[in-house]
file entry_8.tsv (TSV, C-alpha atoms)
chain	number	residue	atom	x	y	z
Q	1	MET	CA	153.65	105.35	80.21
Q	2	SER	CA	154.54	107.71	77.36
Q	3	LYS	CA	156.32	111.01	77.75
Q	4	ARG	CA	154.76	114.42	77.17
Q	5	TYR	CA	156.33	117.88	77.17
Q	6	LEU	CA	155.31	121.43	78.00
Q	7	VAL	CA	157.22	124.28	76.32
Q	8	LEU	CA	156.72	127.87	77.50
Q	9	GLU	CA	157.25	131.10	75.59
Q	10	ASP	CA	160.31	131.90	77.73
Q	11	GLY	CA	161.92	128.69	76.44
Q	12	SER	CA	161.36	126.59	79.57
Q	13	LEU	CA	160.87	122.86	79.03
Q	14	PHE	CA	158.98	120.52	81.36
Q	15	GLU	CA	159.08	116.77	80.74
Q	16	GLY	CA	156.45	114.53	82.27
Q	17	THR	CA	153.98	111.71	81.69
Q	18	ALA	CA	151.04	111.76	79.31
Q	19	PHE	CA	147.46	110.98	80.29
Q	20	GLY	CA	144.19	111.54	78.48
Q	21	ALA	CA	144.14	112.06	74.71
Q	22	SER	CA	147.19	112.00	72.44
Q	23	CYS	CA	148.69	115.38	71.67
Q	24	ASP	CA	150.52	116.46	68.52
Q	25	GLU	CA	150.30	120.14	69.48
Q	26	GLN	CA	148.05	121.82	72.01
Q	27	PHE	CA	148.63	125.54	72.44
Q	28	GLY	CA	147.10	127.65	75.18
Q	29	GLU	CA	147.53	130.20	77.93
Q	30	VAL	CA	149.21	128.54	80.94
Q	31	VAL	CA	147.41	129.50	84.16
Q	32	PHE	CA	147.19	127.98	87.63
Q	33	ASN	CA	144.32	127.06	89.96
Q	34	THR	CA	144.86	126.84	93.73
Q	35	GLY	CA	141.80	124.75	94.64
Q	36	MET	CA	142.39	121.63	96.75
Q	37	THR	CA	139.16	120.14	95.36
Q	38	GLY	CA	136.89	120.99	92.47
Q	39	TYR	CA	139.03	119.80	89.58
Q	40	GLN	CA	135.95	118.52	87.76
Q	41	GLU	CA	134.23	121.90	88.04
Q	42	THR	CA	137.45	123.52	86.85
Q	43	LEU	CA	137.91	121.40	83.73
Q	44	SER	CA	134.22	121.85	82.81
Q	45	ASP	CA	134.07	125.63	83.42
Q	46	PRO	CA	133.77	127.44	80.03
Q	47	SER	CA	135.81	130.33	81.45
Q	48	TYR	CA	138.90	128.12	81.01
Q	49	CYS	CA	138.43	128.02	77.24
Q	50	ASP	CA	141.79	127.80	75.40
Q	51	GLN	CA	143.79	127.51	78.63
Q	52	LEU	CA	146.33	124.95	79.86
Q	53	VAL	CA	145.46	124.77	83.56
Q	54	VAL	CA	148.01	123.87	86.23
Q	55	MET	CA	146.56	122.51	89.48
Q	56	THR	CA	148.67	123.50	92.49
Q	57	TYR	CA	147.25	120.76	94.71
Q	58	PRO	CA	149.57	117.78	94.10
Q	59	LEU	CA	147.03	114.92	93.76
Q	60	ILE	CA	144.26	115.34	91.18
Q	61	GLY	CA	141.65	112.79	90.09
Q	62	ASN	CA	141.44	110.97	93.42
Q	63	TYR	CA	137.63	111.06	93.53
Q	64	GLY	CA	137.15	110.51	89.81
Q	65	ILE	CA	134.59	112.03	87.47
Q	66	ASN	CA	130.78	111.90	87.71
Q	67	ARG	CA	127.88	113.35	85.76
Q	68	ASP	CA	126.50	115.46	88.62
Q	69	ASP	CA	129.43	117.86	89.01
Q	70	PHE	CA	129.80	119.13	85.45
Q	71	GLU	CA	129.48	122.88	84.90
Q	72	THR	CA	128.87	122.45	81.17
Q	73	ILE	CA	128.19	119.59	78.75
Q	74	GLN	CA	131.32	120.01	76.64
Q	75	PRO	CA	134.55	121.12	78.38
Q	76	ALA	CA	136.46	123.95	76.70
Q	77	ILE	CA	139.76	123.55	78.56
Q	78	SER	CA	142.79	122.97	76.30
Q	79	GLY	CA	144.69	120.75	78.72
Q	80	LEU	CA	145.37	119.94	82.37
Q	81	ILE	CA	148.77	119.86	84.12
Q	82	VAL	CA	149.16	118.09	87.48
Q	83	LYS	CA	151.84	116.74	89.80
Q	84	GLU	CA	150.13	113.36	90.12
Q	85	CYS	CA	147.08	111.96	88.33
Q	86	ALA	CA	145.29	109.34	90.43
Q	87	GLU	CA	145.07	106.07	88.50
Q	88	PHE	CA	142.51	104.46	90.82
Q	89	PRO	CA	139.93	106.99	92.06
Q	90	SER	CA	137.95	106.13	95.16
Q	91	ASN	CA	134.48	107.61	95.54
Q	92	PHE	CA	131.02	106.07	95.50
Q	93	ARG	CA	129.91	108.51	92.77
Q	94	ASN	CA	132.89	107.86	90.50
Q	95	GLU	CA	132.02	106.88	86.90
Q	96	TRP	CA	135.32	107.47	85.09
Q	97	SER	CA	138.89	108.17	85.98
Q	98	LEU	CA	140.33	111.50	84.87
Q	99	ASP	CA	142.39	109.67	82.25
Q	100	GLU	CA	139.33	107.85	80.86
Q	101	TYR	CA	137.26	111.02	80.71
Q	102	PHE	CA	139.99	113.01	78.97
Q	103	LYS	CA	140.32	110.28	76.35
Q	104	GLN	CA	136.55	110.52	75.70
Q	105	LYS	CA	136.68	114.30	75.33
Q	106	ASN	CA	139.98	114.43	73.39
Q	107	ILE	CA	141.72	116.52	76.05
Q	108	PRO	CA	145.44	115.99	76.77
Q	109	GLY	CA	146.87	115.89	80.29
Q	110	LEU	CA	150.40	116.13	81.64
Q	111	SER	CA	151.51	114.67	84.99
Q	112	ASN	CA	154.69	113.98	86.95
Q	113	ILE	CA	156.22	117.42	86.50
Q	114	ASP	CA	157.34	119.90	89.15
Q	115	THR	CA	154.14	121.97	89.30
Q	116	ARG	CA	155.57	124.04	92.15
Q	117	ARG	CA	158.41	125.22	89.93
Q	118	LEU	CA	155.98	125.94	87.11
Q	119	VAL	CA	153.60	127.94	89.30
Q	120	LYS	CA	156.47	129.97	90.79
Q	121	LYS	CA	157.53	130.83	87.25
Q	122	ILE	CA	154.01	132.00	86.38
Q	123	ARG	CA	153.79	134.06	89.58
Q	124	GLN	CA	157.08	135.76	88.75
Q	125	ASN	CA	156.54	136.30	85.03
Q	126	GLY	CA	152.76	136.26	84.66
Q	127	THR	CA	150.63	133.93	82.56
Q	128	MET	CA	152.48	132.66	79.52
Q	129	LYS	CA	151.80	131.04	76.22
Q	130	GLY	CA	152.65	127.35	76.10
Q	131	VAL	CA	152.34	124.22	74.01
Q	132	MET	CA	151.85	120.62	75.10
Q	133	VAL	CA	153.41	118.04	72.73
Q	134	ASP	CA	154.12	114.32	72.71
Q	135	ASN	CA	157.28	114.54	70.63
Q	136	ILE	CA	159.95	117.22	70.24
Q	137	GLU	CA	162.23	116.84	67.25
Q	138	ASP	CA	163.46	120.44	67.21
Q	139	LEU	CA	163.18	122.26	70.55
Q	140	ASP	CA	164.22	125.64	69.11
Q	141	ALA	CA	161.55	125.38	66.40
Q	142	CYS	CA	158.98	124.48	69.05
Q	143	ARG	CA	159.96	127.51	71.15
Q	144	LYS	CA	159.61	129.72	68.09
Q	145	GLN	CA	156.13	128.32	67.40
Q	146	VAL	CA	155.03	129.14	70.94
Q	147	ASN	CA	156.24	132.74	70.67
Q	148	GLU	CA	154.52	133.20	67.30
Q	149	PHE	CA	151.24	131.70	68.52
Q	150	ASN	CA	148.36	134.21	68.73
Q	151	TYR	CA	145.40	133.71	71.02
Q	152	LYS	CA	141.97	133.45	69.45
Q	153	ARG	CA	139.53	136.23	70.36
Q	154	ASP	CA	136.23	134.38	69.85
Q	155	GLN	CA	136.02	132.24	72.98
Q	156	VAL	CA	132.63	133.60	74.06
Q	157	ARG	CA	131.11	132.81	70.68
Q	158	ARG	CA	132.40	129.24	70.91
Q	159	VAL	CA	131.13	128.49	74.42
Q	160	SER	CA	127.78	130.33	74.34
Q	161	THR	CA	124.51	128.56	73.57
Q	162	VAL	CA	123.58	128.66	69.89
Q	163	LYS	CA	119.87	129.27	70.44
Q	164	PRO	CA	117.61	130.25	73.36
Q	165	TYR	CA	116.06	127.65	75.64
Q	166	VAL	CA	113.70	127.78	78.61
Q	167	VAL	CA	113.89	126.21	82.06
Q	168	PRO	CA	110.32	126.74	83.30
Q	169	GLY	CA	109.33	127.88	86.76
Q	170	ASN	CA	106.51	129.75	88.48
Q	171	GLY	CA	108.59	132.56	89.97
Q	172	GLU	CA	110.39	135.62	88.61
Q	173	ARG	CA	111.12	135.70	84.89
Q	174	ILE	CA	114.89	135.80	84.42
Q	175	VAL	CA	116.75	136.19	81.13
Q	176	LEU	CA	120.19	134.63	81.56
Q	177	VAL	CA	122.68	135.81	78.94
Q	178	ASP	CA	125.13	132.98	78.25
Q	179	PHE	CA	128.69	134.24	77.76
Q	180	GLY	CA	130.03	130.87	78.92
Q	181	MET	CA	127.56	130.08	81.67
Q	182	LYS	CA	128.28	127.64	84.47
Q	183	HIS	CA	125.36	125.33	85.22
Q	184	GLY	CA	125.61	126.44	88.85
Q	185	ILE	CA	124.08	129.81	87.94
Q	186	LEU	CA	121.09	128.14	86.35
Q	187	ARG	CA	120.78	125.80	89.33
Q	188	GLU	CA	120.58	128.72	91.78
Q	189	PHE	CA	117.70	130.29	89.88
Q	190	THR	CA	115.78	127.05	89.41
Q	191	GLU	CA	116.11	126.26	93.12
Q	192	ARG	CA	114.40	129.61	93.70
Q	193	HIS	CA	111.62	128.57	91.28
Q	194	CYS	CA	112.48	131.22	88.70
Q	195	HIS	CA	111.34	130.95	85.09
Q	196	VAL	CA	114.65	131.17	83.22
Q	197	THR	CA	115.25	131.82	79.53
Q	198	VAL	CA	118.88	131.29	78.52
Q	199	VAL	CA	119.90	133.34	75.47
Q	200	PRO	CA	123.08	133.56	73.33
Q	201	TYR	CA	125.81	136.15	73.96
Q	202	ASN	CA	124.83	138.25	70.91
Q	203	THR	CA	121.14	138.67	71.81
Q	204	THR	CA	120.03	142.29	71.44
Q	205	ALA	CA	118.29	144.39	74.08
Q	206	ASP	CA	115.09	144.47	72.01
Q	207	GLU	CA	115.08	140.65	71.86
Q	208	VAL	CA	115.64	140.45	75.62
Q	209	LEU	CA	112.86	142.94	76.40
Q	210	GLN	CA	110.44	141.05	74.14
Q	211	LEU	CA	110.74	138.19	76.65
Q	212	LYS	CA	109.32	140.55	79.33
Q	213	PRO	CA	111.96	139.72	81.96
Q	214	ASP	CA	111.75	140.74	85.60
Q	215	GLY	CA	115.56	140.72	85.65
Q	216	VAL	CA	118.59	140.02	83.47
Q	217	MET	CA	121.53	137.89	84.56
Q	218	LEU	CA	124.91	138.29	82.82
Q	219	SER	CA	126.96	135.12	83.18
Q	220	ASN	CA	130.64	134.41	83.50
Q	221	GLY	CA	132.71	133.62	80.42
Q	222	PRO	CA	136.22	133.43	78.95
Q	223	GLY	CA	138.59	135.89	77.32
Q	224	ASP	CA	139.07	139.64	77.22
Q	225	PRO	CA	135.83	141.49	78.05
Q	226	LYS	CA	136.68	144.19	75.50
Q	227	ASP	CA	136.29	141.57	72.76
Q	228	VAL	CA	132.62	141.07	73.74
Q	229	GLN	CA	131.19	144.19	72.13
Q	230	ASP	CA	127.73	142.58	71.81
Q	231	GLY	CA	127.59	142.22	75.59
Q	232	ILE	CA	128.74	145.78	76.24
Q	233	MET	CA	126.09	147.16	73.88
Q	234	LEU	CA	123.44	144.94	75.48
Q	235	VAL	CA	124.15	146.38	78.93
Q	236	LYS	CA	124.12	149.95	77.60
Q	237	ASP	CA	120.73	149.40	75.98
Q	238	LEU	CA	119.20	147.67	79.04
Q	239	MET	CA	120.36	150.10	81.74
Q	240	GLY	CA	117.41	151.65	83.54
Q	241	LYS	CA	114.90	149.32	81.88
Q	242	VAL	CA	115.35	146.15	83.94
Q	243	PRO	CA	117.38	145.04	87.01
Q	244	ILE	CA	120.74	143.53	86.03
Q	245	PHE	CA	123.08	141.22	87.94
Q	246	GLY	CA	126.53	140.37	86.54
Q	247	ILE	CA	129.02	137.67	87.54
Q	248	CYS	CA	132.71	137.60	86.52
Q	249	LEU	CA	132.72	138.49	82.80
Q	250	GLY	CA	129.24	139.97	83.30
Q	251	HIS	CA	130.72	142.20	86.02
Q	252	GLN	CA	133.43	143.42	83.64
Q	253	LEU	CA	130.92	144.08	80.84
Q	254	ILE	CA	128.83	146.25	83.18
Q	255	ALA	CA	131.93	148.29	84.04
Q	256	LEU	CA	132.86	148.77	80.38
Q	257	ALA	CA	129.27	149.70	79.45
Q	258	CYS	CA	129.29	152.39	82.15
Q	259	GLY	CA	132.52	153.95	80.86
Q	260	ALA	CA	135.10	152.26	83.10
Q	261	ASP	CA	138.12	150.26	81.96
Q	262	THR	CA	139.47	146.75	82.50
Q	263	HIS	CA	143.00	145.36	82.48
Q	264	LYS	CA	144.72	142.00	82.18
Q	265	MET	CA	146.07	140.76	85.51
Q	266	LYS	CA	149.58	139.38	85.92
Q	267	PHE	CA	148.41	135.85	86.73
Q	268	GLY	CA	144.76	136.24	87.70
Q	269	HIS	CA	142.64	134.73	90.47
Q	270	ARG	CA	141.74	131.06	90.05
Q	271	GLY	CA	140.73	128.84	92.93
Q	272	ALA	CA	138.73	128.77	96.15
Q	273	ASN	CA	138.77	130.56	99.51
Q	274	HIS	CA	139.78	133.98	98.16
Q	275	PRO	CA	138.91	136.58	100.84
Q	276	VAL	CA	136.73	139.50	99.73
Q	277	LYS	CA	135.79	142.40	102.01
Q	278	ASP	CA	132.41	144.12	101.87
Q	279	LEU	CA	133.20	147.82	102.31
Q	280	ARG	CA	129.71	148.62	103.57
Q	281	THR	CA	129.53	146.10	106.42
Q	282	GLY	CA	133.17	145.13	107.01
Q	283	ASP	CA	132.27	141.46	106.49
Q	284	VAL	CA	134.84	139.22	104.84
Q	285	TRP	CA	133.55	136.50	102.52
Q	286	MET	CA	135.44	133.45	101.28
Q	287	THR	CA	134.88	133.19	97.55
Q	288	SER	CA	135.55	131.04	94.49
Q	289	GLN	CA	137.23	132.89	91.63
Q	290	ASN	CA	138.31	132.37	88.04
Q	291	HIS	CA	139.38	135.42	86.05
Q	292	GLY	CA	142.40	136.83	84.29
Q	293	TYR	CA	140.99	140.37	83.85
Q	294	ALA	CA	139.82	142.92	86.42
Q	295	VAL	CA	138.02	146.25	86.52
Q	296	THR	CA	140.49	149.15	86.82
Q	297	GLU	CA	139.46	150.97	90.00
Q	298	GLU	CA	140.85	154.37	88.95
Q	299	SER	CA	138.63	154.35	85.85
Q	300	LEU	CA	135.44	154.23	87.94
Q	301	SER	CA	135.68	157.81	89.23
Q	302	GLN	CA	133.87	159.29	86.21
Q	303	THR	CA	131.11	156.65	86.18
Q	304	SER	CA	127.95	156.03	88.21
Q	305	LEU	CA	129.40	152.81	89.60
Q	306	LYS	CA	130.65	152.53	93.17
Q	307	VAL	CA	133.02	149.89	94.51
Q	308	ASN	CA	131.45	147.97	97.38
Q	309	GLN	CA	133.81	144.97	97.63
Q	310	LEU	CA	137.57	144.50	97.35
Q	311	ALA	CA	139.86	141.45	97.23
Q	312	LEU	CA	141.97	141.35	100.37
Q	313	ASN	CA	144.89	139.62	98.65
Q	314	ASP	CA	145.57	142.42	96.16
Q	315	ASN	CA	142.83	145.08	96.60
Q	316	THR	CA	141.35	144.50	93.15
Q	317	VAL	CA	137.69	145.41	92.53
Q	318	GLU	CA	135.33	142.56	93.46
Q	319	GLY	CA	131.93	144.24	93.64
Q	320	LEU	CA	130.14	147.16	91.96
Q	321	GLU	CA	126.76	148.83	92.38
Q	322	HIS	CA	125.13	151.47	90.18
Q	323	GLU	CA	124.13	154.67	91.96
Q	324	THR	CA	120.94	155.19	89.93
Q	325	PHE	CA	119.81	151.94	88.34
Q	326	ASP	CA	119.15	148.47	89.79
Q	327	ILE	CA	122.47	147.11	88.57
Q	328	PHE	CA	125.11	145.33	90.61
Q	329	SER	CA	127.88	142.84	89.94
Q	330	VAL	CA	130.60	140.72	91.52
Q	331	GLN	CA	133.90	139.46	90.13
Q	332	TYR	CA	133.75	136.12	91.98
Q	333	HIS	CA	131.33	133.17	91.69
Q	334	PRO	CA	128.45	133.15	94.23
Q	335	GLU	CA	127.00	130.07	92.52
Q	336	SER	CA	130.10	128.07	93.44
Q	337	SER	CA	130.21	126.34	96.83
Q	338	PRO	CA	133.71	124.88	97.29
Q	339	GLY	CA	133.07	124.80	101.03
Q	340	PRO	CA	131.89	128.20	102.27
Q	341	GLN	CA	128.65	129.52	100.80
Q	342	ASP	CA	129.18	133.07	102.03
Q	343	SER	CA	128.08	134.82	98.84
Q	344	ASN	CA	125.21	132.57	97.79
Q	345	ALA	CA	122.66	135.07	99.14
Q	346	LEU	CA	123.51	137.43	96.28
Q	347	PHE	CA	120.92	135.59	94.21
Q	348	ASP	CA	118.35	136.46	96.87
Q	349	LYS	CA	119.57	140.06	96.75
Q	350	PHE	CA	118.89	140.13	93.01
Q	351	LEU	CA	115.39	138.71	93.42
Q	352	ASN	CA	114.69	141.19	96.22
Q	353	LYS	CA	115.75	144.03	93.92
Q	354	ILE	CA	113.26	142.72	91.37
Q	355	LYS	CA	110.51	142.58	93.99
Q	356	GLY	CA	111.46	145.96	95.44
Q	357	GLY	CA	112.02	144.30	98.79
Q	358	ILE	CA	114.62	144.75	101.50
Q	359	ILE	CA	118.18	143.94	100.50
Q	360	HIS	CA	119.77	141.53	102.99
Q	361	ALA	CA	123.05	140.65	101.24
call {"tool": "encode", "arguments": {"input": "entry_8.tsv", "output": "structure tokens"}}
result
Amino acid sequence: MSKRYLVLEDGSLFEGTAFGASCDEQFGEVVFNTGMTGYQETLSDPSYCDQLVVMTYPLIGNYGINRDDFETIQPAISGLIVKECAEFPSNFRNEWSLDEYFKQKNIPGLSNIDTRRLVKKIRQNGTMKGVMVDNIEDLDACRKQVNEFNYKRDQVRRVSTVKPYVVPGNGERIVLVDFGMKHGILREFTERHCHVTVVPYNTTADEVLQLKPDGVMLSNGPGDPKDVQDGIMLVKDLMGKVPIFGICLGHQLIALACGADTHKMKFGHRGANHPVKDLRTGDVWMTSQNHGYAVTEESLSQTSLKVNQLALNDNTVEGLEHETFDIFSVQYHPESSPGPQDSNALFDKFLNKIKGGIIHA
């Protein structure tokens, strides 16, 4: 097995074993995910675009890779870092090992490093820039490259659909704006027999309204929400004209469109079983999350948005509802079912808003 290295912007060096594609240089933001399962959904989630993802669970790849669990056709992850990569997966649905799949998709992986030490460093210092390389001839030069590396700001453009497409149904007409959509969102609507039109991130409000939607869904996606000015303008132009539901990045875009602010978190929320409290009912939901930015609660006081859910781990904003218009949003992923399906009924809430029915969620 060949060696592979991870160099962080603080100068730290991790030496481990290579799997997946070869790697001359792969830069990215180093983040961690706490899920015990769901590594396939993680590596295929467009929200991880340009990120080197560390899995905290020590054994990854043990049930292999299959076609059914992909969240997108082409993964956008920059690389995966694990304690141990299973060489011989065991599952009746397995089609490829993690190593085989990464070779197909030209994604590098790094195993056999102390992921606990790496995650503790990220928790203490925050997310950091890093580079994954197969050979280091000059460590000081490599460290300098990492520090000089600048993140791209066009992730949403790269992961969004290029042109609209339709998934027909005989129910409510939904326009789903793709900022880096997970297939799980589309699945939830099709299971409810909705007629869904998926449109690119830069679709205008006039183009959306020409489709005569009953409701508009704003998907998840990668990067800084303030870079997605097309999405912010879309929400501003649609407010009061059609019911809107936002997830993750869509949630942040709604906040920005209403005059609130967002901020980059120290190390973000990525993983499953994150507790979220509903302030109206007192219920606590277990949720799946993947975000590095959050809505700044103090900035909401001068807007028409009210906080209705908070994360119990750090009290960050997890749910918003507009006081006047049929607009609501959540920071987590109700389409994801890593075990609990506590928040899945939010899709029913959206359809009930469209129908003018009773809200149960």
call {"tool": "closest_residue", "arguments": {"input": "entry_8.tsv", "among": "Q:Val198, Q:Cys49, Q:Met286, Q:Leu13", "to": "Q:Gln74", "atoms": "only C-alpha atoms"}}
result
Q:Cys49
call {"tool": "atom_distance", "arguments": {"input": "entry_8.tsv", "atom1": "atom CA of Q:Lys236", "atom2": "atom CA of Q:Leu305"}}
result
13.4 Å
call {"tool": "axis_aligned_box", "arguments": {"input": "entry_8.tsv", "around": "stretch 339-351 of chain Q", "padding_each_side": "6 Å", "output": "lines of an AutoDock Vina configuration file"}}
result
center_x = 124.2
center_y = 132.5
center_z = 97.6
size_x = 29.7
size_y = 27.3
size_z = 21.3
call {"tool": "residues_around", "arguments": {"input": "entry_8.tsv", "residues": "stretch 83-96 of chain Q", "least_positions_apart": "3", "cutoff": "10 Å", "atoms": "all atoms listed in the file", "output": "PyMOL selection string"}}
result
chain Q and resi 16-19+54-68+99-102+104+109-116
call {"tool": "residues_around", "arguments": {"input": "entry_8.tsv", "residues": "Q:Lys241", "least_positions_apart": "6", "cutoff": "12 Å", "atoms": "all atoms listed in the file", "output": "list in words"}}
result
Ala205, Asp206, Val208, Leu209, Lys212, Pro213, Asp214, Gly215, Val216, Leu234, Val235, Thr324, Phe325, Asp326, Ile327 and Ile354 of chain Q
call {"tool": "residues_around", "arguments": {"input": "entry_8.tsv", "residues": "Q:Asp261", "least_positions_apart": "4", "cutoff": "8 Å", "atoms": "only C-alpha atoms", "output": "list in words"}}
result
Ala255, Leu256, Val295, Thr296, Ser299 and Leu300 of chain Q
call {"tool": "closest_atom_pairs", "arguments": {"input": "entry_8.tsv", "of": "stretch 226-339 of chain Q", "to": "stretch 174-184 of chain Q", "cutoff": "12 Å", "atoms": "only C-alpha atoms", "output": "CSV"}}
result
residue,atom,partner,partner_atom,distance
Q:Asp227,CA,Q:Phe179,CA,11.7
Q:Val228,CA,Q:Phe179,CA,8.8
Q:Gln229,CA,Q:Phe179,CA,11.7
Q:Asp230,CA,Q:Phe179,CA,10.3
Q:Gly231,CA,Q:Phe179,CA,8.3
Q:Ile232,CA,Q:Phe179,CA,11.6
Q:Leu234,CA,Q:Val177,CA,9.8
Q:Val235,CA,Q:Val177,CA,10.7
Q:Leu238,CA,Q:Val175,CA,11.9
Q:Val242,CA,Q:Ile174,CA,10.4
Q:Pro243,CA,Q:Ile174,CA,9.9
Q:Ile244,CA,Q:Val175,CA,9.7
Q:Phe245,CA,Q:Leu176,CA,9.6
Q:Gly246,CA,Q:Val177,CA,9.7
Q:Ile247,CA,Q:Met181,CA,9.7
Q:Cys248,CA,Q:Phe179,CA,10.2
Q:Leu249,CA,Q:Phe179,CA,7.7
Q:Gly250,CA,Q:Phe179,CA,8.0
Q:His251,CA,Q:Phe179,CA,11.6
Q:Gln252,CA,Q:Phe179,CA,11.9
Q:Leu253,CA,Q:Phe179,CA,10.5
Q:Asn290,CA,Q:Lys182,CA,11.6
Q:His333,CA,Q:Gly184,CA,9.3
Q:Pro334,CA,Q:Gly184,CA,9.1
Q:Glu335,CA,Q:Gly184,CA,5.3
Q:Ser336,CA,Q:Gly184,CA,6.6
Q:Ser337,CA,Q:Gly184,CA,9.2
Q:Pro338,CA,Q:Gly184,CA,11.8
call {"tool": "residues_around", "arguments": {"input": "entry_8.tsv", "residues": "Q:Gln155", "least_positions_apart": "4", "cutoff": "10 Å", "atoms": "all atoms listed in the file", "output": "list in words"}}
result
Pro46, Ser47, Tyr48, Cys49, Asp50, Ala76, Tyr151, Val159, Ser160, Phe179, Gly180, Gly221, Pro222, Gly223, Asp224, Asp227 and Val228 of chain Q
call {"tool": "residues_around", "arguments": {"input": "entry_8.tsv", "residues": "Q:His274", "least_positions_apart": "4", "cutoff": "12 Å", "atoms": "all atoms listed in the file", "output": "list in words"}}
result
Asn33, Thr34, Gly35, Gly268, His269, Arg270, Val284, Trp285, Met286, Thr287, Ser288, Gln289, Asn290, Leu310, Ala311, Leu312, Asn313, Asp314, Asn315, Thr316, Glu318, Gln331, Tyr332, His333, Pro338, Gly339, Pro340, Asp342 and Ser343 of chain Q
call {"tool": "write_last_selection", "arguments": {"input": "entry_8.tsv", "atoms": "C-alpha atoms", "output": "PDB file, in the frame of the given file"}}
result
ATOM      1  CA  ASN Q  33     144.320 127.060  89.960  1.00  0.00           C
ATOM      2  CA  THR Q  34     144.860 126.840  93.730  1.00  0.00           C
ATOM      3  CA  GLY Q  35     141.800 124.750  94.640  1.00  0.00           C
ATOM      4  CA  GLY Q 268     144.760 136.240  87.700  1.00  0.00           C
ATOM      5  CA  HIS Q 269     142.640 134.730  90.470  1.00  0.00           C
ATOM      6  CA  ARG Q 270     141.740 131.060  90.050  1.00  0.00           C
ATOM      7  CA  VAL Q 284     134.840 139.220 104.840  1.00  0.00           C
ATOM      8  CA  TRP Q 285     133.550 136.500 102.520  1.00  0.00           C
ATOM      9  CA  MET Q 286     135.440 133.450 101.280  1.00  0.00           C
ATOM     10  CA  THR Q 287     134.880 133.190  97.550  1.00  0.00           C
ATOM     11  CA  SER Q 288     135.550 131.040  94.490  1.00  0.00           C
ATOM     12  CA  GLN Q 289     137.230 132.890  91.630  1.00  0.00           C
ATOM     13  CA  ASN Q 290     138.310 132.370  88.040  1.00  0.00           C
ATOM     14  CA  LEU Q 310     137.570 144.500  97.350  1.00  0.00           C
ATOM     15  CA  ALA Q 311     139.860 141.450  97.230  1.00  0.00           C
ATOM     16  CA  LEU Q 312     141.970 141.350 100.370  1.00  0.00           C
ATOM     17  CA  ASN Q 313     144.890 139.620  98.650  1.00  0.00           C
ATOM     18  CA  ASP Q 314     145.570 142.420  96.160  1.00  0.00           C
ATOM     19  CA  ASN Q 315     142.830 145.080  96.600  1.00  0.00           C
ATOM     20  CA  THR Q 316     141.350 144.500  93.150  1.00  0.00           C
ATOM     21  CA  GLU Q 318     135.330 142.560  93.460  1.00  0.00           C
ATOM     22  CA  GLN Q 331     133.900 139.460  90.130  1.00  0.00           C
ATOM     23  CA  TYR Q 332     133.750 136.120  91.980  1.00  0.00           C
ATOM     24  CA  HIS Q 333     131.330 133.170  91.690  1.00  0.00           C
ATOM     25  CA  PRO Q 338     133.710 124.880  97.290  1.00  0.00           C
ATOM     26  CA  GLY Q 339     133.070 124.800 101.030  1.00  0.00           C
ATOM     27  CA  PRO Q 340     131.890 128.200 102.270  1.00  0.00           C
ATOM     28  CA  ASP Q 342     129.180 133.070 102.030  1.00  0.00           C
ATOM     29  CA  SER Q 343     128.080 134.820  98.840  1.00  0.00           C
TER      30      SER Q 343
END
call {"tool": "atom_distance", "arguments": {"input": "entry_8.tsv", "atom1": "atom CA of Q:Met239", "atom2": "atom CA of Q:Met265"}}
result
27.6 Å
call {"tool": "build_atoms", "arguments": {"input": "entry_8.tsv", "residues": "stretch 123-129 of chain Q", "atoms": "N, CA, C and O atoms", "output": "mmCIF file, keeping the file's coordinate frame"}}
result
data_model
loop_
_atom_site.group_PDB
_atom_site.id
_atom_site.type_symbol
_atom_site.label_atom_id
_atom_site.label_comp_id
_atom_site.auth_asym_id
_atom_site.auth_seq_id
_atom_site.Cartn_x
_atom_site.Cartn_y
_atom_site.Cartn_z
ATOM 1 N N ARG Q 123 153.954 132.961 88.616
ATOM 2 C CA ARG Q 123 153.790 134.060 89.580
ATOM 3 C C ARG Q 123 154.816 135.162 89.345
ATOM 4 O O ARG Q 123 154.518 136.342 89.506
ATOM 5 N N GLN Q 124 156.032 134.769 88.970
ATOM 6 C CA GLN Q 124 157.080 135.760 88.750
ATOM 7 C C GLN Q 124 156.932 136.486 87.426
ATOM 8 O O GLN Q 124 157.143 137.696 87.342
ATOM 9 N N ASN Q 125 156.558 135.740 86.387
ATOM 10 C CA ASN Q 125 156.540 136.300 85.030
ATOM 11 C C ASN Q 125 155.145 136.622 84.503
ATOM 12 O O ASN Q 125 155.013 137.307 83.498
ATOM 13 N N GLY Q 126 154.116 136.110 85.165
ATOM 14 C CA GLY Q 126 152.760 136.260 84.660
ATOM 15 C C GLY Q 126 152.363 135.074 83.800
ATOM 16 O O GLY Q 126 153.188 134.205 83.489
ATOM 17 N N THR Q 127 151.088 135.022 83.425
ATOM 18 C CA THR Q 127 150.630 133.930 82.560
ATOM 19 C C THR Q 127 151.422 133.953 81.251
ATOM 20 O O THR Q 127 151.789 135.016 80.752
ATOM 21 N N MET Q 128 151.659 132.770 80.725
ATOM 22 C CA MET Q 128 152.480 132.660 79.520
ATOM 23 C C MET Q 128 151.819 131.752 78.506
ATOM 24 O O MET Q 128 151.015 130.878 78.848
ATOM 25 N N LYS Q 129 152.198 131.955 77.261
ATOM 26 C CA LYS Q 129 151.800 131.040 76.220
ATOM 27 C C LYS Q 129 152.592 129.744 76.365
ATOM 28 O O LYS Q 129 153.755 129.762 76.784
#
